[in-house]
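The next block holds one structure in the form of structure tokens; read it before the comments.
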Amino acid sequence: MGKYDFIVAELEALKAQGLYNLIRTIESAVDAWTVVDGRRVLNMCSNNYLGFANDPELKAAAIRAIEAYGVGPAAVRSIAGTLALHRELERKLAEFKGCEDAVTFQSGFCANLATIPLIAGPGAVIFTDELNHASIIDGCRLTKAERVIYPHRDVDFLAQALEERKNAPVKLIVTDGVFSMDGDLAPLPEIVELAERYEALVMVDDAHGEGVLGSHGRGIVDHFGLHGRVDIEVGTLSKAFGVMGGYVAGKREIVEYLRQRGRPFLFSSAATPADVAACIAAVDILMRSDARVQKLWENTRYFKARMAELGFDIGQSQTPITPVMLGEAHTAWEFSKRLFEEGVFAQAITYPTVPRGKARIRVMVSAVHTKEDLDFALEAFARVGRQLGVI
Ligand SMILES: *Cc1c(COP(=O)(O)O)cnc(C)c1O
């Protein structure tokens, strides 16, 4: 018996269940066409909604920042890591989101880990959608607050739960804005109304909404016209923004509290100058022009309509996220491997990222895809779908 036997057994079990991730290696910039495991393939699964990951303006800004500030701040934000660039990005994000202030973190994951335990101390109650992102779940696990996990998008359940706990001193409702695996939206207007009735705080994680929803990609709050009524907006700079990082935008007091006491802000080093400068360039481009967001939606409408015509089950998505539902994990991986042979990169997503039996390929449409690219993908999906008897 070796001391690692239990780990080896776990890994073998994952393989037997089809849950062992095939981690492919990218060997070029992330763009519409990307070199993956030695092959140039059409990239249909990055979160590069607007093509910022390889944008010349972002790259130039990153290079200039390295020349001016070097490669790393060598400190946490609160000790010696806050650069003028961080402050500039925070001001611009607040303006972009229409919020009083914003604070940046190393990632969206860190933003959730910073915020939830800080707001929901002992005695508080957190109301959280059952399909919320793993970083929200982990943020909740770091608190001593009571947790009410409500069924997906079920505002009646939420209303009842709030009524039963109306005397709790702090009530925090937290939800993904766009649910990352299905692409459906949180019922945010109803949630906000309930929150106002019960004096609860509302926190929305807009990771897949910004750059996508609302005017100029300002996100889900803008999409629903709820400016000033959502207390905390969490965002990521690692998806549509194409770089790396996260942030919280909202009321001045909350943002200031995060700067004083948010643990990833206090105990993990600041984002690099290159990353921050590239993010500033991304916000500048979005404030200047809506063209990329429009193109993203045009591509989304085209791709989804054709996929439905082909007979694929593409779920209930309301956004560019296009889940191609395949059921068992083995089927999803076989589908993904055959797509790769056809020159299309679209990875399978299985448990624990989605529930068991709901494995899928999550297609991510991007503004950098041309119509020819989308037709190429559609033909590959059609061929593999027929081979595997999915359509
Ligand atoms: C991707 C994602 C995150 C994590 O963002 P990172 O910047 O990649 O850490 C958080 N929340 C949701 C809903 C996400 O989809």
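Order determines the names: the first chain of the structure tokens is A, the second B, and so forth; residues in each chain are numbered 1 upward, and ligands are numbered 1 upward as they are shown.
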
Practice task
Please check which protein, DNA or RNA residues sit within 8 Å of ligand 1, counting only C-alpha atoms and all ligand atoms, and write them as a PyMOL selection string.
Solution key: chain A and resi 106-112+132-136+176-180+205-208+234-239+244-246

Do you know which residues are at most 8 Å from segment 293-306 of chain A counting only C-alpha atoms, after dropping those on the same chain fewer than 5 positions away, and could you put them as a PDB file with all heavy atoms, in the first residue's frame?
```pdb
ATOM      1  N   TYR A  49     -15.293  36.610 -26.124  1.00  0.00           N
ATOM      2  CA  TYR A  49     -16.504  37.110 -26.771  1.00  0.00           C
ATOM      3  C   TYR A  49     -16.243  38.200 -27.813  1.00  0.00           C
ATOM      4  O   TYR A  49     -16.887  38.248 -28.839  1.00  0.00           O
ATOM      5  CB  TYR A  49     -17.443  37.712 -25.720  1.00  0.00           C
ATOM      6  CG  TYR A  49     -18.133  36.725 -24.820  1.00  0.00           C
ATOM      7  CD1 TYR A  49     -17.806  36.631 -23.464  1.00  0.00           C
ATOM      8  CD2 TYR A  49     -19.149  35.913 -25.310  1.00  0.00           C
ATOM      9  CE1 TYR A  49     -18.470  35.760 -22.627  1.00  0.00           C
ATOM     10  CE2 TYR A  49     -19.825  35.030 -24.471  1.00  0.00           C
ATOM     11  CZ  TYR A  49     -19.477  34.961 -23.136  1.00  0.00           C
ATOM     12  OH  TYR A  49     -20.142  34.097 -22.305  1.00  0.00           O
ATOM     13  N   LEU A  50     -15.321  39.114 -27.474  1.00  0.00           N
ATOM     14  CA  LEU A  50     -15.160  40.310 -28.311  1.00  0.00           C
ATOM     15  C   LEU A  50     -13.825  40.316 -29.051  1.00  0.00           C
ATOM     16  O   LEU A  50     -13.486  41.292 -29.708  1.00  0.00           O
ATOM     17  CB  LEU A  50     -15.294  41.564 -27.440  1.00  0.00           C
ATOM     18  CG  LEU A  50     -16.620  41.664 -26.673  1.00  0.00           C
ATOM     19  CD1 LEU A  50     -16.614  42.861 -25.736  1.00  0.00           C
ATOM     20  CD2 LEU A  50     -17.806  41.760 -27.638  1.00  0.00           C
ATOM     21  N   GLY A 211     -19.632  42.958 -21.508  1.00  0.00           N
ATOM     22  CA  GLY A 211     -19.146  42.794 -22.875  1.00  0.00           C
ATOM     23  C   GLY A 211     -20.185  42.137 -23.762  1.00  0.00           C
ATOM     24  O   GLY A 211     -19.986  41.995 -24.965  1.00  0.00           O
ATOM     25  N   VAL A 212     -21.277  41.689 -23.157  1.00  0.00           N
ATOM     26  CA  VAL A 212     -22.272  40.907 -23.896  1.00  0.00           C
ATOM     27  C   VAL A 212     -23.649  41.573 -23.823  1.00  0.00           C
ATOM     28  O   VAL A 212     -24.274  41.835 -24.845  1.00  0.00           O
ATOM     29  CB  VAL A 212     -22.347  39.470 -23.317  1.00  0.00           C
ATOM     30  CG1 VAL A 212     -23.440  38.670 -24.010  1.00  0.00           C
ATOM     31  CG2 VAL A 212     -20.993  38.762 -23.442  1.00  0.00           C
ATOM     32  N   HIS A 216     -23.345  48.835 -25.100  1.00  0.00           N
ATOM     33  CA  HIS A 216     -21.876  48.752 -25.116  1.00  0.00           C
ATOM     34  C   HIS A 216     -21.347  47.627 -24.217  1.00  0.00           C
ATOM     35  O   HIS A 216     -20.226  47.705 -23.724  1.00  0.00           O
ATOM     36  CB  HIS A 216     -21.229  50.085 -24.688  1.00  0.00           C
ATOM     37  CG  HIS A 216     -21.439  51.193 -25.673  1.00  0.00           C
ATOM     38  ND1 HIS A 216     -20.407  51.885 -26.256  1.00  0.00           N
ATOM     39  CD2 HIS A 216     -22.563  51.709 -26.208  1.00  0.00           C
ATOM     40  CE1 HIS A 216     -20.892  52.790 -27.089  1.00  0.00           C
ATOM     41  NE2 HIS A 216     -22.206  52.703 -27.078  1.00  0.00           N
ATOM     42  N   GLY A 217     -22.175  46.633 -23.955  1.00  0.00           N
ATOM     43  CA  GLY A 217     -21.709  45.523 -23.127  1.00  0.00           C
ATOM     44  C   GLY A 217     -21.561  45.876 -21.663  1.00  0.00           C
ATOM     45  O   GLY A 217     -20.738  45.302 -20.956  1.00  0.00           O
ATOM     46  N   ILE A 314     -30.173  22.778 -27.968  1.00  0.00           N
ATOM     47  CA  ILE A 314     -29.250  23.818 -27.495  1.00  0.00           C
ATOM     48  C   ILE A 314     -29.816  24.559 -26.276  1.00  0.00           C
ATOM     49  O   ILE A 314     -29.437  25.705 -26.002  1.00  0.00           O
ATOM     50  CB  ILE A 314     -28.836  24.808 -28.614  1.00  0.00           C
ATOM     51  CG1 ILE A 314     -30.058  25.425 -29.299  1.00  0.00           C
ATOM     52  CG2 ILE A 314     -27.940  24.130 -29.633  1.00  0.00           C
ATOM     53  CD1 ILE A 314     -29.704  26.600 -30.225  1.00  0.00           C
ATOM     54  N   THR A 319     -28.151  34.003 -24.379  1.00  0.00           N
ATOM     55  CA  THR A 319     -26.891  34.729 -24.607  1.00  0.00           C
ATOM     56  C   THR A 319     -26.030  33.955 -25.620  1.00  0.00           C
ATOM     57  O   THR A 319     -26.447  32.885 -26.078  1.00  0.00           O
ATOM     58  CB  THR A 319     -26.107  34.835 -23.280  1.00  0.00           C
ATOM     59  OG1 THR A 319     -25.778  33.504 -22.854  1.00  0.00           O
ATOM     60  CG2 THR A 319     -26.891  35.544 -22.189  1.00  0.00           C
ATOM     61  N   PRO A 320     -24.839  34.446 -25.948  1.00  0.00           N
ATOM     62  CA  PRO A 320     -23.984  33.728 -26.910  1.00  0.00           C
ATOM     63  C   PRO A 320     -23.537  32.335 -26.426  1.00  0.00           C
ATOM     64  O   PRO A 320     -23.076  31.523 -27.244  1.00  0.00           O
ATOM     65  CB  PRO A 320     -22.777  34.651 -27.073  1.00  0.00           C
ATOM     66  CG  PRO A 320     -23.306  36.013 -26.757  1.00  0.00           C
ATOM     67  CD  PRO A 320     -24.306  35.798 -25.657  1.00  0.00           C
ATOM     68  N   THR A 322     -23.750  28.721 -26.000  1.00  0.00           N
ATOM     69  CA  THR A 322     -24.623  27.771 -26.694  1.00  0.00           C
ATOM     70  C   THR A 322     -24.324  26.350 -26.230  1.00  0.00           C
ATOM     71  O   THR A 322     -23.393  25.713 -26.728  1.00  0.00           O
ATOM     72  CB  THR A 322     -24.435  27.884 -28.225  1.00  0.00           C
ATOM     73  OG1 THR A 322     -24.568  29.267 -28.598  1.00  0.00           O
ATOM     74  CG2 THR A 322     -25.470  27.050 -28.965  1.00  0.00           C
ATOM     75  N   VAL A 365     -19.717  31.561 -29.005  1.00  0.00           N
ATOM     76  CA  VAL A 365     -19.651  32.363 -30.224  1.00  0.00           C
ATOM     77  C   VAL A 365     -18.857  33.634 -29.906  1.00  0.00           C
ATOM     78  O   VAL A 365     -18.910  34.137 -28.789  1.00  0.00           O
ATOM     79  CB  VAL A 365     -21.078  32.705 -30.704  1.00  0.00           C
ATOM     80  CG1 VAL A 365     -21.045  33.554 -31.953  1.00  0.00           C
ATOM     81  CG2 VAL A 365     -21.881  31.426 -30.928  1.00  0.00           C
ATOM     82  N   SER A 366     -18.110  34.126 -30.890  1.00  0.00           N
ATOM     83  CA  SER A 366     -17.293  35.323 -30.690  1.00  0.00           C
ATOM     84  C   SER A 366     -17.516  36.323 -31.819  1.00  0.00           C
ATOM     85  O   SER A 366     -17.871  35.939 -32.943  1.00  0.00           O
ATOM     86  CB  SER A 366     -15.814  34.930 -30.650  1.00  0.00           C
ATOM     87  OG  SER A 366     -14.995  36.086 -30.738  1.00  0.00           O
ATOM     88  N   ALA A 367     -17.274  37.599 -31.495  1.00  0.00           N
ATOM     89  CA  ALA A 367     -17.370  38.650 -32.517  1.00  0.00           C
ATOM     90  C   ALA A 367     -16.291  38.492 -33.583  1.00  0.00           C
ATOM     91  O   ALA A 367     -16.421  39.036 -34.679  1.00  0.00           O
ATOM     92  CB  ALA A 367     -17.253  40.023 -31.858  1.00  0.00           C
ATOM     93  N   VAL A 368     -15.224  37.764 -33.286  1.00  0.00           N
ATOM     94  CA  VAL A 368     -14.155  37.610 -34.296  1.00  0.00           C
ATOM     95  C   VAL A 368     -14.434  36.475 -35.281  1.00  0.00           C
ATOM     96  O   VAL A 368     -13.681  36.317 -36.246  1.00  0.00           O
ATOM     97  CB  VAL A 368     -12.738  37.419 -33.700  1.00  0.00           C
ATOM     98  CG1 VAL A 368     -12.180  38.734 -33.205  1.00  0.00           C
ATOM     99  CG2 VAL A 368     -12.688  36.372 -32.619  1.00  0.00           C
ATOM    100  N   HIS A 369     -15.480  35.689 -35.064  1.00  0.00           N
ATOM    101  CA  HIS A 369     -15.816  34.676 -36.067  1.00  0.00           C
ATOM    102  C   HIS A 369     -16.436  35.344 -37.297  1.00  0.00           C
ATOM    103  O   HIS A 369     -17.271  36.244 -37.160  1.00  0.00           O
ATOM    104  CB  HIS A 369     -16.839  33.674 -35.500  1.00  0.00           C
ATOM    105  CG  HIS A 369     -16.275  32.785 -34.430  1.00  0.00           C
ATOM    106  ND1 HIS A 369     -16.935  32.520 -33.249  1.00  0.00           N
ATOM    107  CD2 HIS A 369     -15.119  32.082 -34.370  1.00  0.00           C
ATOM    108  CE1 HIS A 369     -16.206  31.707 -32.499  1.00  0.00           C
ATOM    109  NE2 HIS A 369     -15.090  31.427 -33.158  1.00  0.00           N
ATOM    110  N   THR A 370     -16.026  34.884 -38.469  1.00  0.00           N
ATOM    111  CA  THR A 370     -16.689  35.335 -39.694  1.00  0.00           C
ATOM    112  C   THR A 370     -17.852  34.386 -39.976  1.00  0.00           C
ATOM    113  O   THR A 370     -17.953  33.312 -39.369  1.00  0.00           O
ATOM    114  CB  THR A 370     -15.727  35.288 -40.894  1.00  0.00           C
ATOM    115  OG1 THR A 370     -15.350  33.919 -41.103  1.00  0.00           O
ATOM    116  CG2 THR A 370     -14.484  36.141 -40.644  1.00  0.00           C
ATOM    117  N   LYS A 371     -18.706  34.763 -40.920  1.00  0.00           N
ATOM    118  CA  LYS A 371     -19.814  33.886 -41.300  1.00  0.00           C
ATOM    119  C   LYS A 371     -19.260  32.565 -41.858  1.00  0.00           C
ATOM    120  O   LYS A 371     -19.796  31.493 -41.587  1.00  0.00           O
ATOM    121  CB  LYS A 371     -20.701  34.584 -42.323  1.00  0.00           C
ATOM    122  CG  LYS A 371     -21.903  33.774 -42.716  1.00  0.00           C
ATOM    123  CD  LYS A 371     -22.942  34.605 -43.437  1.00  0.00           C
ATOM    124  CE  LYS A 371     -24.042  33.699 -43.978  1.00  0.00           C
ATOM    125  NZ  LYS A 371     -23.554  32.752 -44.996  1.00  0.00           N
ATOM    126  N   LEU A 374     -18.367  30.324 -39.020  1.00  0.00           N
ATOM    127  CA  LEU A 374     -19.544  29.707 -38.394  1.00  0.00           C
ATOM    128  C   LEU A 374     -20.098  28.588 -39.274  1.00  0.00           C
ATOM    129  O   LEU A 374     -20.493  27.529 -38.769  1.00  0.00           O
ATOM    130  CB  LEU A 374     -20.615  30.764 -38.096  1.00  0.00           C
ATOM    131  CG  LEU A 374     -20.190  31.859 -37.097  1.00  0.00           C
ATOM    132  CD1 LEU A 374     -21.290  32.892 -36.936  1.00  0.00           C
ATOM    133  CD2 LEU A 374     -19.829  31.257 -35.734  1.00  0.00           C
ATOM    134  N   LEU A 378     -20.642  24.748 -38.268  1.00  0.00           N
ATOM    135  CA  LEU A 378     -21.962  24.114 -38.420  1.00  0.00           C
ATOM    136  C   LEU A 378     -21.854  22.815 -39.217  1.00  0.00           C
ATOM    137  O   LEU A 378     -22.480  21.810 -38.864  1.00  0.00           O
ATOM    138  CB  LEU A 378     -22.927  25.087 -39.108  1.00  0.00           C
ATOM    139  CG  LEU A 378     -23.394  26.260 -38.216  1.00  0.00           C
ATOM    140  CD1 LEU A 378     -23.924  27.410 -39.058  1.00  0.00           C
ATOM    141  CD2 LEU A 378     -24.445  25.782 -37.217  1.00  0.00           C
TER     142      LEU A 378
END
```

Practice task
Using only C-alpha atoms, pick whichever of A:Glu190, A:Leu158, A:Pro355, A:Ala281 has the shortest atom-to-atom distance to Leu85 of chain A.
Solution key: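 Closest to Leu85 of chain A, using only C-alpha atoms: A:Ala281.
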
Name the residues of segment 57-220 of chain A that come out as strand (DSSP E) in a backbone DSSP run; write them as a tab-separated table (two decimals) with all heavy atoms, in the first residue's frame.
```
chain	number	residue	atom	x	y	z
A	101	ASP	N	-18.24	53.42	-7.32
A	101	ASP	CA	-16.81	53.10	-7.23
A	101	ASP	C	-16.61	51.64	-7.62
A	101	ASP	O	-17.59	50.88	-7.74
A	101	ASP	CB	-16.32	53.35	-5.79
A	101	ASP	CG	-14.79	53.51	-5.70
A	101	ASP	OD1	-14.10	53.39	-6.74
A	101	ASP	OD2	-14.29	53.74	-4.58
A	102	ALA	N	-15.35	51.26	-7.83
A	102	ALA	CA	-15.03	49.86	-8.15
A	102	ALA	C	-13.67	49.52	-7.57
A	102	ALA	O	-12.83	50.40	-7.38
A	102	ALA	CB	-15.01	49.65	-9.67
A	103	VAL	N	-13.47	48.25	-7.26
A	103	VAL	CA	-12.18	47.78	-6.76
A	103	VAL	C	-11.82	46.51	-7.55
A	103	VAL	O	-12.69	45.67	-7.81
A	103	VAL	CB	-12.23	47.52	-5.24
A	103	VAL	CG1	-13.36	46.58	-4.83
A	103	VAL	CG2	-10.90	46.95	-4.73
A	104	THR	N	-10.55	46.43	-7.94
A	104	THR	CA	-10.14	45.27	-8.75
A	104	THR	C	-9.46	44.21	-7.89
A	104	THR	O	-8.88	44.49	-6.84
A	104	THR	CB	-9.17	45.69	-9.88
A	104	THR	OG1	-8.05	46.34	-9.30
A	104	THR	CG2	-9.85	46.62	-10.86
A	105	PHE	N	-9.55	42.98	-8.38
A	105	PHE	CA	-8.92	41.82	-7.73
A	105	PHE	C	-8.13	41.05	-8.78
A	105	PHE	O	-8.17	41.37	-9.97
A	105	PHE	CB	-10.01	40.92	-7.13
A	105	PHE	CG	-10.72	41.56	-5.97
A	105	PHE	CD1	-11.88	42.29	-6.17
A	105	PHE	CD2	-10.21	41.46	-4.69
A	105	PHE	CE1	-12.52	42.91	-5.10
A	105	PHE	CE2	-10.85	42.07	-3.62
A	105	PHE	CZ	-12.00	42.79	-3.83
A	125	VAL	N	-27.86	35.88	6.61
A	125	VAL	CA	-28.40	34.79	5.80
A	125	VAL	C	-28.04	35.08	4.34
A	125	VAL	O	-28.24	36.20	3.87
A	125	VAL	CB	-29.92	34.66	5.93
A	125	VAL	CG1	-30.41	33.43	5.16
A	125	VAL	CG2	-30.35	34.58	7.38
A	126	ILE	N	-27.51	34.05	3.66
A	126	ILE	CA	-27.21	34.18	2.23
A	126	ILE	C	-28.24	33.36	1.46
A	126	ILE	O	-28.48	32.20	1.79
A	126	ILE	CB	-25.81	33.62	1.90
A	126	ILE	CG1	-24.74	34.25	2.78
A	126	ILE	CG2	-25.49	33.83	0.43
A	126	ILE	CD1	-23.38	33.58	2.61
A	127	PHE	N	-28.83	33.97	0.45
A	127	PHE	CA	-29.77	33.28	-0.43
A	127	PHE	C	-29.06	33.11	-1.76
A	127	PHE	O	-28.70	34.10	-2.42
A	127	PHE	CB	-31.04	34.12	-0.60
A	127	PHE	CG	-31.71	34.43	0.72
A	127	PHE	CD1	-31.29	35.52	1.48
A	127	PHE	CD2	-32.73	33.64	1.21
A	127	PHE	CE1	-31.88	35.83	2.70
A	127	PHE	CE2	-33.34	33.93	2.43
A	127	PHE	CZ	-32.91	35.02	3.18
A	128	THR	N	-28.84	31.86	-2.18
A	128	THR	CA	-27.98	31.62	-3.33
A	128	THR	C	-28.62	30.63	-4.30
A	128	THR	O	-29.15	29.60	-3.87
A	128	THR	CB	-26.56	31.17	-2.85
A	128	THR	OG1	-25.77	30.75	-3.97
A	128	THR	CG2	-26.61	30.05	-1.84
A	129	ASP	N	-28.61	30.95	-5.59
A	129	ASP	CA	-29.21	30.08	-6.62
A	129	ASP	C	-28.42	28.78	-6.70
A	129	ASP	O	-27.18	28.78	-6.64
A	129	ASP	CB	-29.16	30.80	-7.98
A	129	ASP	CG	-29.94	30.08	-9.08
A	129	ASP	OD1	-29.51	28.98	-9.50
A	129	ASP	OD2	-30.97	30.61	-9.52
A	146	GLU	N	-25.90	31.60	7.69
A	146	GLU	CA	-26.82	30.56	7.23
A	146	GLU	C	-26.93	30.66	5.71
A	146	GLU	O	-26.89	31.74	5.14
A	146	GLU	CB	-28.21	30.77	7.85
A	146	GLU	CG	-29.18	29.66	7.47
A	146	GLU	CD	-30.66	29.97	7.77
A	146	GLU	OE1	-30.94	30.99	8.45
A	146	GLU	OE2	-31.51	29.19	7.32
A	147	ARG	N	-27.05	29.52	5.05
A	147	ARG	CA	-27.13	29.50	3.59
A	147	ARG	C	-28.47	28.92	3.16
A	147	ARG	O	-28.83	27.82	3.57
A	147	ARG	CB	-26.03	28.59	3.05
A	147	ARG	CG	-25.29	29.15	1.90
A	147	ARG	CD	-24.18	28.21	1.48
A	147	ARG	NE	-23.42	27.68	2.61
A	147	ARG	CZ	-22.68	26.58	2.54
A	147	ARG	NH1	-22.63	25.86	1.44
A	147	ARG	NH2	-22.01	26.17	3.60
A	148	VAL	N	-29.21	29.64	2.34
A	148	VAL	CA	-30.44	29.11	1.75
A	148	VAL	C	-30.17	28.95	0.26
A	148	VAL	O	-29.97	29.94	-0.45
A	148	VAL	CB	-31.62	30.08	1.96
A	148	VAL	CG1	-32.87	29.55	1.25
A	148	VAL	CG2	-31.88	30.30	3.44
A	149	ILE	N	-30.11	27.70	-0.20
A	149	ILE	CA	-29.86	27.44	-1.62
A	149	ILE	C	-31.23	27.30	-2.29
A	149	ILE	O	-31.96	26.36	-2.01
A	149	ILE	CB	-29.02	26.17	-1.80
A	149	ILE	CG1	-27.69	26.34	-1.07
A	149	ILE	CG2	-28.80	25.87	-3.28
A	149	ILE	CD1	-26.88	25.06	-0.94
A	150	TYR	N	-31.59	28.26	-3.12
A	150	TYR	CA	-32.94	28.20	-3.72
A	150	TYR	C	-32.88	27.53	-5.10
A	150	TYR	O	-31.87	27.62	-5.80
A	150	TYR	CB	-33.62	29.57	-3.76
A	150	TYR	CG	-32.92	30.68	-4.52
A	150	TYR	CD1	-33.14	30.86	-5.89
A	150	TYR	CD2	-32.09	31.58	-3.88
A	150	TYR	CE1	-32.53	31.90	-6.59
A	150	TYR	CE2	-31.47	32.62	-4.57
A	150	TYR	CZ	-31.70	32.77	-5.93
A	150	TYR	OH	-31.10	33.78	-6.60
A	171	LYS	N	-29.23	40.30	5.15
A	171	LYS	CA	-29.70	39.30	4.17
A	171	LYS	C	-29.02	39.62	2.84
A	171	LYS	O	-29.09	40.75	2.37
A	171	LYS	CB	-31.22	39.39	4.03
A	171	LYS	CG	-31.97	39.03	5.32
A	171	LYS	CD	-33.46	39.25	5.22
A	171	LYS	CE	-33.87	40.69	5.42
A	171	LYS	NZ	-33.70	41.23	6.78
A	172	LEU	N	-28.35	38.62	2.27
A	172	LEU	CA	-27.62	38.81	1.01
A	172	LEU	C	-28.16	37.83	-0.02
A	172	LEU	O	-28.10	36.62	0.18
A	172	LEU	CB	-26.12	38.57	1.24
A	172	LEU	CG	-25.23	38.56	0.00
A	172	LEU	CD1	-25.17	39.94	-0.65
A	172	LEU	CD2	-23.81	38.08	0.34
A	173	ILE	N	-28.69	38.36	-1.13
A	173	ILE	CA	-29.12	37.51	-2.23
A	173	ILE	C	-28.01	37.54	-3.27
A	173	ILE	O	-27.60	38.62	-3.72
A	173	ILE	CB	-30.43	38.01	-2.87
A	173	ILE	CG1	-31.51	38.19	-1.81
A	173	ILE	CG2	-30.89	37.06	-3.97
A	173	ILE	CD1	-32.75	38.93	-2.32
A	174	VAL	N	-27.52	36.37	-3.64
A	174	VAL	CA	-26.42	36.35	-4.60
A	174	VAL	C	-26.77	35.42	-5.77
A	174	VAL	O	-27.29	34.32	-5.59
A	174	VAL	CB	-25.08	35.96	-3.91
A	174	VAL	CG1	-25.18	34.70	-3.12
A	174	VAL	CG2	-23.95	35.86	-4.92
A	175	THR	N	-26.52	35.93	-6.97
A	175	THR	CA	-26.84	35.14	-8.16
A	175	THR	C	-25.87	35.43	-9.30
A	175	THR	O	-25.36	36.55	-9.42
A	175	THR	CB	-28.29	35.44	-8.64
A	175	THR	OG1	-28.59	34.62	-9.77
A	175	THR	CG2	-28.49	36.91	-9.01
A	176	ASP	N	-25.63	34.41	-10.11
A	176	ASP	CA	-25.00	34.66	-11.40
A	176	ASP	C	-25.95	35.56	-12.19
A	176	ASP	O	-27.17	35.39	-12.08
A	176	ASP	CB	-24.86	33.35	-12.20
A	176	ASP	CG	-23.66	32.49	-11.81
A	176	ASP	OD1	-23.10	32.69	-10.73
A	176	ASP	OD2	-23.31	31.59	-12.60
A	201	LEU	N	-29.56	42.80	0.61
A	201	LEU	CA	-28.58	43.26	-0.37
A	201	LEU	C	-28.62	42.31	-1.57
A	201	LEU	O	-28.81	41.10	-1.41
A	201	LEU	CB	-27.16	43.23	0.21
A	201	LEU	CG	-26.84	44.33	1.23
A	201	LEU	CD1	-26.89	43.74	2.63
A	201	LEU	CD2	-25.49	44.92	0.95
A	202	VAL	N	-28.42	42.88	-2.76
A	202	VAL	CA	-28.37	42.07	-3.98
A	202	VAL	C	-26.96	42.12	-4.54
A	202	VAL	O	-26.38	43.18	-4.73
A	202	VAL	CB	-29.34	42.58	-5.06
A	202	VAL	CG1	-29.23	41.72	-6.32
A	202	VAL	CG2	-30.76	42.57	-4.54
A	203	MET	N	-26.43	40.93	-4.82
A	203	MET	CA	-25.10	40.81	-5.42
A	203	MET	C	-25.24	39.97	-6.68
A	203	MET	O	-25.75	38.85	-6.63
A	203	MET	CB	-24.18	40.12	-4.40
A	203	MET	CG	-22.86	39.66	-4.97
A	203	MET	SD	-21.79	39.12	-3.60
A	203	MET	CE	-20.53	38.28	-4.54
A	204	VAL	N	-24.83	40.53	-7.81
A	204	VAL	CA	-24.92	39.78	-9.07
A	204	VAL	C	-23.53	39.59	-9.66
A	204	VAL	O	-22.72	40.51	-9.69
A	204	VAL	CB	-25.90	40.47	-10.06
A	204	VAL	CG1	-25.43	41.84	-10.48
A	204	VAL	CG2	-26.12	39.60	-11.30
A	205	ASP	N	-23.26	38.37	-10.07
A	205	ASP	CA	-21.97	38.04	-10.69
A	205	ASP	C	-22.17	38.10	-12.20
A	205	ASP	O	-22.81	37.25	-12.80
A	205	ASP	CB	-21.55	36.63	-10.24
A	205	ASP	CG	-20.23	36.20	-10.86
A	205	ASP	OD1	-19.84	36.76	-11.89
A	205	ASP	OD2	-19.60	35.27	-10.31
```
